[in-house]
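Reviewing the structure listed below.
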Amino acid sequence: MWTQHTIETTRGMFEYFTKGEGEPLAITHFFSQFNERGNLFANPFTAHYEVFLINVRGAGNSCAVTEDAQMNFSEIIKDLEAIRVALGFEKWAFAGHSTGGMLALQYAILAPQSLTKIIAGSTAASKEYASHPDSMYCADNANFPRIIEIMELLNNTATTVEERQKLALEWSLMSYYDEEKLQLALSLPNSGKTVGRALDYFRKIEVKNYDVRNELKNVTIPSYIFGGRYDAQCPIEFTYEIAQLMPHAHVTVFEKSNHHPYIEELENFEVLVKETLDDV
């Protein structure tokens, strides 16, 4: 189990969970809510880092969202910076998966002086991933109509917990290379409940203007970029694109993974985590 904390900052009170020892490393996600059960993406880092698993504004017991603009990428980075300062760290590392990976890229652009490194995976540097026919978020993809239905239902407060669980499972099945790995993941302690309002904001507003490709060319901090060969959300081409844009990027491709290589190829992912220690 992870240890729960709250901290008062200049931008409000935030909830976070800690585990592990070593260099401080922050992890969060655009529209996920964490608890004491931790998170399967965050777990491998706890063997080498002191991990801070953060609930962004509007998630868990963190301060509420009072206007939608507080959910955009730059505002989340400002919140993370306020948390870092309140914790007393001059710098920390940041790791993110999927939209958390987008946050990592944004963080490296907006506040590189506060970071020792970033680890970002299963993600993209622009909204173009959603137009790729291999992405389930593309209108030309066979799964697109159902994905939209699932998102709308997850954002509907009338959707029951049981229905949410079934919807999340259906969404997840589209994002795994091997269904047995998904069943394994479901048997392990984990958290990351979808925050409907944040998901809705991301897909209808924030992602529509998302493009950091030009800015990434100026990022010089160590950056570890990873992706699954068969990613059905952010196709592998976008992993390569990020790595090619960033001057000091290390790229890792997981050959038997879809969107969740930290589950689908855990041993190989643990090797990647150890490699990030080179820049401590």
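Ordering of the structure tokens sets the chain letters (A, B, ...), residue numbers begin anew at 1 in every chain, and ligands are numbered from 1 in the order given.
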10 Å contact set for range 144-155 of chain A, only C-alpha atoms, chain neighbours under 4 positions out, as a list in words: Pro133, Ser135, Met136, Tyr137, Cys138, Ala139, Asp140, Thr159, Thr160, Val161, Glu163, Arg164, Gln165, Lys166, Leu167, Ala168, Glu170, Trp171, Met174, Thr194, Val195, Gly196, Arg197, Ala198, Leu199, Asp200 and Arg203 of chain A
Close residues, Val219 in chain A itself excluded, 7 Å, only C-alpha atoms, min 6 positions apart in chain, as a PyMOL selection string: chain A and resi 108-109+246-247
Which of range 48-155 of chain A fall in helix (DSSP H, G or I), as a ChimeraX atom specification: /A:68-71,73-87,99-110,112-114,127-131,144-154
Tyr210 in chain A environment, 10 Å, only C-alpha atoms, sequence neighbours closer than 5 positions dropped, as a ChimeraX atom specification: /A:73,102,124-128,202,205
I need the chosen residues saved as a PDB file, in the first residue's frame, with N, CA and C atoms.
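Generated file (part.pdb):
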ATOM      1  N   PHE A  73      -3.214  21.949 -19.791  1.00  0.00           N
ATOM      2  CA  PHE A  73      -1.862  21.452 -19.518  1.00  0.00           C
ATOM      3  C   PHE A  73      -1.020  22.447 -18.730  1.00  0.00           C
ATOM      4  N   MET A 102       1.993  13.172 -22.124  1.00  0.00           N
ATOM      5  CA  MET A 102       1.835  14.514 -22.685  1.00  0.00           C
ATOM      6  C   MET A 102       2.193  15.568 -21.646  1.00  0.00           C
ATOM      7  N   ALA A 124       2.067  11.038 -27.450  1.00  0.00           N
ATOM      8  CA  ALA A 124       2.304  11.722 -28.717  1.00  0.00           C
ATOM      9  C   ALA A 124       2.616  13.185 -28.459  1.00  0.00           C
ATOM     10  N   ALA A 125       3.195  13.833 -29.455  1.00  0.00           N
ATOM     11  CA  ALA A 125       3.575  15.234 -29.329  1.00  0.00           C
ATOM     12  C   ALA A 125       2.557  16.177 -29.961  1.00  0.00           C
ATOM     13  N   SER A 126       1.508  15.620 -30.550  1.00  0.00           N
ATOM     14  CA  SER A 126       0.475  16.468 -31.150  1.00  0.00           C
ATOM     15  C   SER A 126      -0.832  15.688 -31.251  1.00  0.00           C
ATOM     16  N   LYS A 127      -1.867  16.406 -31.617  1.00  0.00           N
ATOM     17  CA  LYS A 127      -3.182  15.791 -31.786  1.00  0.00           C
ATOM     18  C   LYS A 127      -3.241  14.855 -32.990  1.00  0.00           C
ATOM     19  N   GLU A 128      -2.183  14.829 -33.792  1.00  0.00           N
ATOM     20  CA  GLU A 128      -2.197  14.044 -35.023  1.00  0.00           C
ATOM     21  C   GLU A 128      -2.378  12.549 -34.773  1.00  0.00           C
ATOM     22  N   PHE A 202     -10.466  17.054 -21.774  1.00  0.00           N
ATOM     23  CA  PHE A 202      -9.306  16.689 -22.589  1.00  0.00           C
ATOM     24  C   PHE A 202      -9.710  16.425 -24.025  1.00  0.00           C
ATOM     25  N   ILE A 205     -11.706  19.698 -25.715  1.00  0.00           N
ATOM     26  CA  ILE A 205     -11.090  21.022 -25.739  1.00  0.00           C
ATOM     27  C   ILE A 205      -9.570  20.944 -25.832  1.00  0.00           C
TER      28      ILE A 205
END
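Among the candidates A:Thr276, A:Asn55, A:Thr9, A:Gln4, the one nearest to Glu81 in chain A when counting only C-alpha atoms is A:Thr9.
For Leu186 in chain A, the non-local neighbours within 12 Å, defined as residues at least 3 positions apart in the same chain or in other chains and counting only C-alpha atoms, are Asn39, Leu40, Gln165, Ala168, Leu169, Ser172, Leu173, Glu179, Glu180, Lys181, Leu182, Gln183, Pro189, Asn190, Ser191 and Ile263 of chain A.
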Distance criterion (only C-alpha atoms): nearest to Met1 in chain A out of A:Ala111, A:Ile54, A:Leu188, A:Ile27: A:Leu188
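Proximity ranking of A:Ala86, A:Asn218, A:Asn43, A:Tyr107 relative to Ser74 in chain A places A:Tyr107 first, based on only C-alpha atoms.
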Write out as a short mmCIF file (atom, residue, chain, number, x, y, z; two decimals) with N, CA and C atoms, in the first residue's frame all residues of range 9-127 of chain A that DSSP puts in strand (DSSP E) for this structure's backbone.
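Listed below is the output, result.cif:
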data_model
loop_
_atom_site.label_atom_id
_atom_site.label_comp_id
_atom_site.auth_asym_id
_atom_site.auth_seq_id
_atom_site.Cartn_x
_atom_site.Cartn_y
_atom_site.Cartn_z
N THR A 9 -0.46 24.31 -0.85
CA THR A 9 0.45 25.04 -1.74
C THR A 9 -0.13 26.43 -2.02
N GLY A 12 -3.45 25.91 -3.80
CA GLY A 12 -4.47 25.07 -3.21
C GLY A 12 -3.90 23.82 -2.57
N MET A 13 -4.78 22.98 -2.04
CA MET A 13 -4.37 21.76 -1.36
C MET A 13 -4.43 20.59 -2.33
N PHE A 14 -3.39 19.75 -2.28
CA PHE A 14 -3.33 18.60 -3.18
C PHE A 14 -3.06 17.32 -2.39
N GLU A 15 -3.66 16.23 -2.89
CA GLU A 15 -3.46 14.91 -2.30
C GLU A 15 -2.44 14.15 -3.13
N TYR A 16 -1.57 13.42 -2.43
CA TYR A 16 -0.61 12.58 -3.15
C TYR A 16 -0.29 11.36 -2.30
N PHE A 17 0.34 10.37 -2.94
CA PHE A 17 0.68 9.11 -2.29
C PHE A 17 2.14 8.81 -2.56
N THR A 18 2.83 8.29 -1.56
CA THR A 18 4.27 8.05 -1.71
C THR A 18 4.62 6.58 -1.46
N LYS A 19 5.71 6.19 -2.12
CA LYS A 19 6.28 4.86 -1.90
C LYS A 19 7.69 4.86 -2.50
N GLU A 23 15.87 9.25 -5.42
CA GLU A 23 15.60 10.54 -6.03
C GLU A 23 14.09 10.75 -6.12
N PRO A 24 13.58 11.97 -5.85
CA PRO A 24 12.14 12.19 -5.98
C PRO A 24 11.68 12.16 -7.43
N LEU A 25 10.56 11.49 -7.65
CA LEU A 25 9.97 11.38 -8.99
C LEU A 25 8.47 11.54 -8.87
N ALA A 26 7.91 12.48 -9.61
CA ALA A 26 6.48 12.72 -9.60
C ALA A 26 5.81 11.99 -10.76
N ILE A 27 4.61 11.50 -10.50
CA ILE A 27 3.81 10.83 -11.53
C ILE A 27 2.37 11.29 -11.39
N SER A 32 -7.00 10.83 -14.25
CA SER A 32 -7.09 9.67 -13.36
C SER A 32 -7.03 10.09 -11.90
N GLN A 33 -7.71 9.32 -11.07
CA GLN A 33 -7.77 9.56 -9.63
C GLN A 33 -7.14 8.38 -8.90
N TYR A 49 13.23 4.96 -6.87
CA TYR A 49 12.89 6.36 -6.63
C TYR A 49 11.95 6.49 -5.44
N GLU A 50 11.91 7.68 -4.86
CA GLU A 50 10.80 8.03 -3.97
C GLU A 50 9.73 8.61 -4.87
N VAL A 51 8.64 7.89 -5.04
CA VAL A 51 7.63 8.26 -6.02
C VAL A 51 6.49 9.03 -5.35
N PHE A 52 6.12 10.13 -5.99
CA PHE A 52 5.01 10.97 -5.55
C PHE A 52 3.90 10.83 -6.59
N LEU A 53 2.87 10.06 -6.25
CA LEU A 53 1.74 9.79 -7.14
C LEU A 53 0.67 10.82 -6.82
N ILE A 54 0.45 11.76 -7.72
CA ILE A 54 -0.30 12.98 -7.41
C ILE A 54 -1.69 12.97 -8.04
N TRP A 92 13.01 17.63 -9.41
CA TRP A 92 12.60 16.24 -9.32
C TRP A 92 12.45 15.68 -10.73
N ALA A 93 12.33 14.38 -10.83
CA ALA A 93 12.05 13.74 -12.11
C ALA A 93 10.54 13.65 -12.28
N PHE A 94 10.11 13.47 -13.52
CA PHE A 94 8.68 13.31 -13.78
C PHE A 94 8.48 12.19 -14.79
N ALA A 95 7.52 11.32 -14.50
CA ALA A 95 7.20 10.22 -15.40
C ALA A 95 5.70 10.23 -15.69
N GLY A 96 5.36 9.93 -16.94
CA GLY A 96 3.95 9.90 -17.30
C GLY A 96 3.68 8.94 -18.44
N HIS A 97 2.49 8.36 -18.41
CA HIS A 97 2.05 7.41 -19.42
C HIS A 97 0.80 7.94 -20.08
N LEU A 115 13.40 20.06 -13.47
CA LEU A 115 13.41 18.63 -13.74
C LEU A 115 14.81 18.08 -13.89
N THR A 116 15.01 16.87 -13.33
CA THR A 116 16.27 16.16 -13.59
C THR A 116 16.17 15.34 -14.85
N LYS A 117 14.93 14.93 -15.20
CA LYS A 117 14.68 14.11 -16.39
C LYS A 117 13.19 13.91 -16.53
N ILE A 118 12.77 13.42 -17.69
CA ILE A 118 11.40 12.95 -17.86
C ILE A 118 11.43 11.54 -18.43
N ILE A 119 10.40 10.77 -18.09
CA ILE A 119 10.14 9.47 -18.68
C ILE A 119 8.72 9.53 -19.22
N ALA A 120 8.55 9.41 -20.52
CA ALA A 120 7.23 9.59 -21.14
C ALA A 120 6.97 8.50 -22.15
N GLY A 121 5.79 7.88 -22.07
CA GLY A 121 5.54 6.79 -22.99
C GLY A 121 4.10 6.60 -23.39
#
Can you tell me which residues surround Glu90 in chain A at a distance of at most 9 Å, considering only C-alpha atoms, apart from same-chain residues fewer than 5 positions away, and format the answer as a compact mmCIF listing (two decimals) with C-alpha atoms, in the first residue's frame?
# COMPACT_ATOMS: atom_id res chain seq x y z
CA ARG A 84 7.34 20.65 -5.82
CA VAL A 85 8.13 23.96 -4.09
CA GLN A 113 14.89 24.03 -14.74
CA SER A 114 12.76 22.06 -12.24
CA LEU A 115 13.41 18.63 -13.74
Shell around Val271 in chain A at 12 Å using only C-alpha atoms, local window under 4 positions removed, as a list in words: Pro44, Phe45, Ala47, His48, Thr252, Phe254, Pro261, Tyr262, Glu265, Leu266, Glu267, Glu275, Thr276, Leu277 and Asp278 of chain A
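Residues with any atom within 12 Å of Ile76 in chain A, counting only C-alpha atoms and excluding same-chain neighbours fewer than 6 positions away, are Arg11, Phe14, Thr28, His29, Phe30, Phe31, Ile54, Asn55, Val56, Arg57, Gly58, Ala59, Val65, Asp68, Ala69, Gln70, Ala82, Ile83, Thr99, Gly100, Met102, Leu103, Ala104, Gln106, Tyr107, Leu110, Ala111, Ala198 and Glu206 of chain A.
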Output N, CA and C atoms for every residue in that selection, as a compact mmCIF listing (two decimals), in the first residue's frame.
# COMPACT_ATOMS: atom_id res chain seq x y z
N ARG A 11 -1.29 27.26 -4.66
CA ARG A 11 -2.37 27.08 -5.63
C ARG A 11 -3.47 26.16 -5.10
N PHE A 14 -3.39 19.75 -2.28
CA PHE A 14 -3.33 18.60 -3.18
C PHE A 14 -3.06 17.32 -2.39
N THR A 28 1.74 11.60 -12.51
CA THR A 28 0.32 11.85 -12.50
C THR A 28 -0.24 11.61 -13.90
N HIS A 29 -1.53 11.88 -14.06
CA HIS A 29 -2.24 11.62 -15.30
C HIS A 29 -3.30 12.69 -15.44
N PHE A 30 -3.66 13.02 -16.66
CA PHE A 30 -4.60 14.12 -16.89
C PHE A 30 -5.98 13.86 -16.28
N PHE A 31 -6.49 12.62 -16.39
CA PHE A 31 -7.87 12.39 -15.94
C PHE A 31 -8.02 11.13 -15.07
N ILE A 54 0.45 11.76 -7.72
CA ILE A 54 -0.30 12.98 -7.41
C ILE A 54 -1.69 12.97 -8.04
N ASN A 55 -2.66 13.36 -7.23
CA ASN A 55 -4.00 13.62 -7.75
C ASN A 55 -4.06 15.07 -8.20
N VAL A 56 -4.27 15.30 -9.49
CA VAL A 56 -4.37 16.66 -10.00
C VAL A 56 -5.64 17.31 -9.47
N ARG A 57 -5.74 18.59 -9.71
CA ARG A 57 -6.93 19.35 -9.31
C ARG A 57 -8.20 18.66 -9.81
N GLY A 58 -9.16 18.47 -8.91
CA GLY A 58 -10.41 17.84 -9.29
C GLY A 58 -10.43 16.33 -9.13
N ALA A 59 -9.29 15.74 -8.76
CA ALA A 59 -9.21 14.29 -8.56
C ALA A 59 -9.02 13.97 -7.09
N VAL A 65 -11.92 21.79 -9.08
CA VAL A 65 -11.88 22.59 -10.29
C VAL A 65 -13.04 23.56 -10.23
N ASP A 68 -13.19 25.44 -16.02
CA ASP A 68 -12.57 24.45 -16.90
C ASP A 68 -11.13 24.78 -17.26
N ALA A 69 -10.80 26.05 -17.38
CA ALA A 69 -9.45 26.44 -17.78
C ALA A 69 -8.39 25.93 -16.82
N GLN A 70 -8.78 25.62 -15.58
CA GLN A 70 -7.82 25.10 -14.60
C GLN A 70 -7.35 23.69 -14.95
N ALA A 82 3.92 24.12 -7.92
CA ALA A 82 3.58 24.56 -6.57
C ALA A 82 3.76 23.42 -5.57
N ILE A 83 3.43 22.21 -5.98
CA ILE A 83 3.62 21.05 -5.11
C ILE A 83 5.10 20.80 -4.88
N THR A 99 -1.78 10.29 -21.45
CA THR A 99 -1.89 11.74 -21.25
C THR A 99 -0.91 12.22 -20.18
N GLY A 100 -0.50 11.31 -19.29
CA GLY A 100 0.57 11.65 -18.36
C GLY A 100 1.87 11.90 -19.10
N MET A 102 1.99 13.17 -22.12
CA MET A 102 1.84 14.51 -22.69
C MET A 102 2.19 15.57 -21.65
N LEU A 103 1.77 15.33 -20.41
CA LEU A 103 2.14 16.24 -19.33
C LEU A 103 3.65 16.29 -19.14
N ALA A 104 4.31 15.14 -19.26
CA ALA A 104 5.77 15.11 -19.13
C ALA A 104 6.42 15.98 -20.19
N GLN A 106 5.06 18.50 -21.80
CA GLN A 106 4.74 19.89 -21.48
C GLN A 106 5.60 20.42 -20.34
N TYR A 107 5.82 19.58 -19.33
CA TYR A 107 6.62 19.97 -18.18
C TYR A 107 8.06 20.28 -18.63
N LEU A 110 7.92 23.72 -20.37
CA LEU A 110 7.55 24.89 -19.58
C LEU A 110 8.43 25.12 -18.36
N ALA A 111 8.99 24.07 -17.78
CA ALA A 111 9.78 24.24 -16.56
C ALA A 111 10.96 23.27 -16.51
N ALA A 198 -12.69 15.68 -16.34
CA ALA A 198 -11.37 15.93 -16.92
C ALA A 198 -11.20 15.22 -18.27
N GLU A 206 -8.93 20.36 -24.81
CA GLU A 206 -7.48 20.47 -24.69
C GLU A 206 -6.73 19.83 -25.85
Residue among A:Val251, A:Ala232, A:His5, A:Glu67 lying closest to Ala142 in chain A, counting only C-alpha atoms: A:Ala232
